[in-house]
Structures are given as C-alpha cells and as structure tokens.
Amino acid sequence: TIIPLLDQLIEGAGEQGIEQITMGMAHRGRLNVLANVIGHFCERIFTSFEGSVHPAFPADEGDVKYHQGAEGERETASGQTVQLRLSPNPSHLEAVDPVVEGMTRAIQDAMADGEVTNDEARSRALPILLHGDAAFAGQGIVMETLQLAQLRGYRTGGTIHIIINNQIGFTTSPEAGRSSIYSTDVARMTQSPIFHINGDDPEAAYRTMRMALDYRQQFHKDVVLDVVGFRRLGHNEADEPSYTQPLMYQRVKEHPGVRTIYAKRLIREGVIDEAGVSQMLEERINRYEDALARAKKVAAENKDLIAAEPEAVEIDGSQVVETLVSDDVVKRIAQQISVVPEEFNLNPKMVSQLARRAKMGHGQVPIDWAFAEALAFGSLALEGTRVRLSGQDSGRGTFSQRHAVLYDTQSGKAWTPLSELRSENNPQGKFEVFDSSLSEAGVLGFEYGYSVIAADALVMWEAQFGDFNNVAQGIIDQYVAASEDKWRQTSRLTMLLPHGYEGQGPEHSSARLERFLQLCAANNLCVSYPSTPAQYFHLLRRQVRLGFERPLIVMTPKSLLRLPAAGSSLDQFTTGGFQPLFDDAEINDPDRIERIVLCSGKVFYDLSDARKKAAGNGASDIQGGSSPTVMEGSDRVAIIRVEQFYPFPRTAIKETLAKYPNAKDLVWCQEEPRNMGGWTFMEGKFEDLIPRGDLLRYVGR
C-alpha cells in the first residue's frame, strides 16, 4: 500500500506545483522505494546482491545496500517535472529526519534567493519522512524534529510523515515498546492531524493522502499518516518471528496479502479480470528477471574491479591559503555593526562594546574574537557566500560575546546588523543567525542536511559548551565524519565547540577533542584549535574555498574571548591566511634552544606567561611539586603552537623543528588529561616524524 501511496503522492504534488521532494526512511521497504518510486534502480540493487558494485553507482561499495540513497526525476501526468531525492541513512533509524528537513530548507532558501517568496518556496519543496511505528514512538530525535517544524530558522512548510506500522519493533511488541496507545501520539504535541489507515485498503490510503497533501499546502504544517499493517517476514527476512509473537504470526500466515485482496476487489467490481491480473504480475516479474540478468552480466564484467580501493593518501595540512580582506571591507563591517539606527533603543550596556568595535575597525585597539568572527561573517556575505549560524544562544553568544542580534529595549524588536550586508552580484550572499531549540542531535542533523545542499555556504552549528556535542554523537559519527566515505556525500559543515579548562568542571571544560581526532582518516575532517582571533577569522574564510569540502571542527574559546594577550592586530586580517603552525616569535637565537614545547590553544598563554615570569625573576628552574616543570630553564625553551591537528601539518612541523638543531627534549603539553586532548594523536604522528629516534614526551594532567 505504501508504494502506490507514494506514487500518487508524487503525482498529486506535481498537480500542486511542487518541484522538489526530499525523502527520508529507514531500511524496511527501502529497496522497494528505490526500485519503484525514486527511479528504475533494480539493476543497481541486484548488482549489489551479486557481490559487486554497479559502475554507475560507485558509492554503493561504501555501505550496505539498504543504507544507500538515490536521486530521480518524475514527469507527472499534470506535466510537472518533480525532482526526487532519497537521502542515505545509517542504521540509526530516525537520524535521517532532521537531515531531510535541513536539505529541504536549503532547497527552499535557494529558491527564495530568486523571484520566489519564502511562502512560495515552502510550497514548491516537500519533505516526506517514512517511519517505523516502534522507532517513531521510541526515538527522541523524532520529537526534536517535530519541534523544529514551526521555528523561524528551521521551518520547511510542513512535512508529510508516513508510519509503516507493522505493530512490532524487531521482536518487541507494542506494549513493551511504548507507553502511549498509538505510536503516533508523540505527534499530538504539535497538534498535527493524524490519520490512521487500514493498510489492506489502498484506496482509503489514496483518499487520505490527498487530504494530507491539501492540508500541508494550505496550512504549511506537518501531517501524519499511520498505515497500519504487519510485517510478513522477520526483521531481517531470515528471522523466525513466531518465536516471539506466535499468535500474531499465525494470523499473518493466514492473511492473503494486500495485493491479493485488492486484485479480488477489482475483479469483483469488473475493473479487471483474472487474466489481466496474471498479465500484470508476469510483466513485473519479467522486468525484475531482465534487471537481474543485466546485473549478473555487470557483476561478471566487473569481477576484477571489486578489489578494495587503494588507501587514501592523507593531505599534508601545511598549506597556507590567502584569505585576507582589504582595509575598506574591515571599516565597512565595523561601521555596520557599531552604528545603531536613530530609532533603535540600544541596551545601555552595549554602548561601550560597540564603541570598542568601532575602534577595532580602525586599528586603534586589538581585535578580539567576536569582532574577528563578525569580520569573517560579514566579508563572506559581501563576497556572495551564504553564512548560516545556529545553536543555543547563538544570537547573543553563550558568553555574552557575539551580540550578532540586538534587541530594542522599548519594543523588543530584533535587529541583526550583519544581515543587512549584501553582495551586489550574488543574492545568496547573506548572514543569518538563529537561536535553536534546546536540541543538539536534531539541530546538528538539520544543519548537516542544509550543508549538503548549500554546498558553497558556510553553515555552522554552535554548541553552548563543547561537551554538549555528546548528545549529537550519532549524527557526528554517522554523518559528519563518515558520509563522504559511505555515500560520497560531501559537506562543509562547521562545528563551533567551546573548549578550555577554566575551572568550570568536566562538562563545561572539554569539547572532546580526542573523539574527533579518533574519527580522522582519509581526509574526512579538518580539526583545529586556533589560538588567536585572526586565526579564527582566516579559518572560517578558508572553509568555503575550493579544496576544503569537508566538515570543520573548531575548538572555540571561553576565557580567551576577552584575554588582552589573545588579541590580534588589524594587519593580521589584511594579509596572509590561516597558519596551521606557529613558531615561537620570542626566540632570537635558535641554537640556544634545548627544549621544544608543542601545545595547542589556550594552554599556550599559560606557558608563555610562565616563561615571562621565570625570565623576570631571573629564575632558571620553576618547581612544580617535586619535579621540574616544562618551563625549567625558560630561556632555553621554545613554544610551538599547533593550530591544526588534521589534516596533520607534517611538513610545517618538520621544518620548524629543524630550526632548533640543539633541542634534544621534545614535549607535548596540554590542559586536558592524558587520555583526552591531542596527546595520543600527536604521539602516533611523531613516531614517524622524528628520524633521530627521539621521543615526544607528555607533560600534563
């Protein structure tokens, strides 16, 4: 029943002017949808069952066949061409829900950049999500996605949710899988209309689908179709379901099936005869047999090509890409964010901040992190790049540092200064910032999906504190880190994760740098811990350049946001680009150096301060407990900052170490405990990097 329902949903969508449909679903029925709804992919599917990969679909070797997505096109009876997309999805059943919403929103935003209004764009692109009954009731990301439906930064004009209700989840009966009466009760929280449909009645499903589509187009809200049926075979088609549901599966065994029931009805009504039914079955079986024969031929011809791909050559991350801006651009952005319209009533506490930003734009005071970020956002918008930032408190910033959105103290009206910057030649160039719902997995999945479609945009998700990415770990593992390898699906998604040990306890200290470094392989991510505002500026601007089509993970600061020593000069923005490594600028005589301390991020300022204090006191040894600290003999110590962990800046590190021929002691120093942070990653990299057999040793917690 689901297949004709989807088929007619596409036809009905075409009648109503819908041009794009993006679908998400888990595994059950996925191959059927690929073969009979999205396009004619039987040959591709059968080729994978033959143990080969169809040459037209090389991504299929990256994941199991029922995780793959596809794109197709349908010329409907009304003459409308509808573009169809089924998103790939891992075994995390409902993880695809926010991804599809993000993809759809990006399609709609691109439409709205032309002559189309936002409302028209919402009417022309439709998300469809197919769920299992147990997963819809059981997985929290469903609720997170439903709650995004009417939010300004995330609305997509309504989603049609279709529940494939098999009345069972794996081997778990409904009474053990949910506390609500219906699996769809979770959707009642957003007052979505819910239709319960007998899966044995395709025509009832068709009539209900027409109502659902009309409702969505009229009111731009979610609607749920609960198609109640059963699962004839076990969970993986080889299970024995009667082990756990003997009574249910006795009834299933006796059920003739919806095709047989509907065929008898049509015969009874005189629509078709027995011979016509047999002919239709024969034609369909022949179509499958022909596809299978072609698949066997493809598999035989590609037998020698099935060998594993050669291991990817990892990029040397030493390259410096020029991402400077002119003085005029800096001044224009400073003017935009520091001059308030006459009729706007500014919070008095913001007056001094805006005055300071105006001085930064003219080089009168060092540039801090928030202003550097505003320069990156504004300059990209002026160059025609869409810049989208979302997260909890992202408008103001967790640490009251960004203030990208200002509020009138009298009316409460919001004003986003950077959103008024526009590219003269490219209407897509704009800045948007959204305070998200209190969700990590749902919102990160949405932004990932958005970045897949908006391939040239700077799309960012910001965690309130870095550790909060814990709640989105499934999206990070399955999509952010692995999607290019599994599905050839690239993304420039940027994750901003506040990190640093400022005495706020474990949950607010660590963005789990080590987890992202463990995920790094085959050039799949960029992981950075910048130590200056200028570095952060260049890093964000580099992310949209050609050759950087991979997710970017940034350890962003807390205390450094306002640390005077962490400021950058104006000329660092109007020259150069992101440096993956900083040599020690304080060293005048490299031959005197006996110890090299490598570090990353905030701890550099602690080390630098300790060295200055040691030099000022005339001390050559600083005692920490009963052992000399890393700054012992401070005049003979060089501090090197690693600004980018991955891709690993191998050449830059090798050349920098070579400048210190007498340095025999090589140290990695970090704030994080030994089993966290960058230590285990750096230790492994240095095993191959130091030919003279020296060891990189650890200093830290």
# chains A, B, ... in the order shown; residues from 1 in each chain; ligands from 1
$ closest_atom_pairs --of "region 570-667 of chain A" --to "region 321-327 of chain A" --cutoff "6 Å" --atoms "only C-alpha atoms" --output "CSV"
residue,atom,partner,partner_atom,distance
A:Phe573,CA,A:Leu324,CA,5.6
A:Thr574,CA,A:Leu324,CA,4.8
A:Thr575,CA,A:Leu324,CA,5.1
A:Gly576,CA,A:Glu322,CA,5.2
A:Gly577,CA,A:Glu322,CA,4.5
$ residues_around --residues "Gly17 (chain A)" --least-positions-apart "6" --cutoff "12 Å" --atoms "only C-alpha atoms" --output "count of residues only"
19
$ closest_atom_pairs --of "region 81-112 of chain A" --to "region 33-47 of chain A" --cutoff "8 Å" --atoms "only C-alpha atoms" --output "CSV"
residue,atom,partner,partner_atom,distance
A:Leu84,CA,A:Ile38,CA,6.2
A:Arg85,CA,A:Ile38,CA,7.1
A:Leu86,CA,A:Ile38,CA,7.3
$ closest_residue --among "A:Thr117, A:Thr494, A:Gln245, A:Gln191" --to "Asp222 (chain A)" --atoms "only C-alpha atoms"
A:Gln191
$ atom_distance --atom1 "CA of Phe431 (chain A)" --atom2 "CA of Asn469 (chain A)"
23.9 Å
$ closest_residue --among "A:Ala137, A:Ile162, A:Leu581, A:Leu292" --to "Ile181 (chain A)" --atoms "only C-alpha atoms"
A:Ala137
$ residues_around --residues "Leu666 (chain A)" --least-positions-apart "4" --cutoff "8 Å" --atoms "only C-alpha atoms" --output "short mmCIF file (atom, residue, chain, number, x, y, z; two decimals) with N, CA and C atoms, in the first residue's frame"
data_model
loop_
_atom_site.label_atom_id
_atom_site.label_comp_id
_atom_site.auth_asym_id
_atom_site.auth_seq_id
_atom_site.Cartn_x
_atom_site.Cartn_y
_atom_site.Cartn_z
N ARG A 595 64.99 22.73 24.62
CA ARG A 595 63.70 22.04 24.77
C ARG A 595 62.67 22.71 23.87
N ILE A 596 61.90 21.90 23.17
CA ILE A 596 60.78 22.40 22.36
C ILE A 596 59.49 21.90 23.00
N VAL A 597 58.61 22.84 23.31
CA VAL A 597 57.30 22.50 23.86
C VAL A 597 56.25 22.73 22.78
N LEU A 598 55.61 21.68 22.37
CA LEU A 598 54.49 21.79 21.44
C LEU A 598 53.19 21.81 22.23
N ASP A 694 64.35 10.28 18.68
CA ASP A 694 63.92 10.97 19.90
C ASP A 694 62.45 10.65 20.17
N LEU A 695 62.07 10.81 21.41
CA LEU A 695 60.69 10.55 21.78
C LEU A 695 59.99 11.86 22.13
N LEU A 696 58.74 11.95 21.73
CA LEU A 696 57.89 13.05 22.17
C LEU A 696 57.32 12.62 23.52
N ARG A 697 57.57 13.44 24.56
CA ARG A 697 57.06 13.05 25.89
C ARG A 697 55.91 13.95 26.30
#
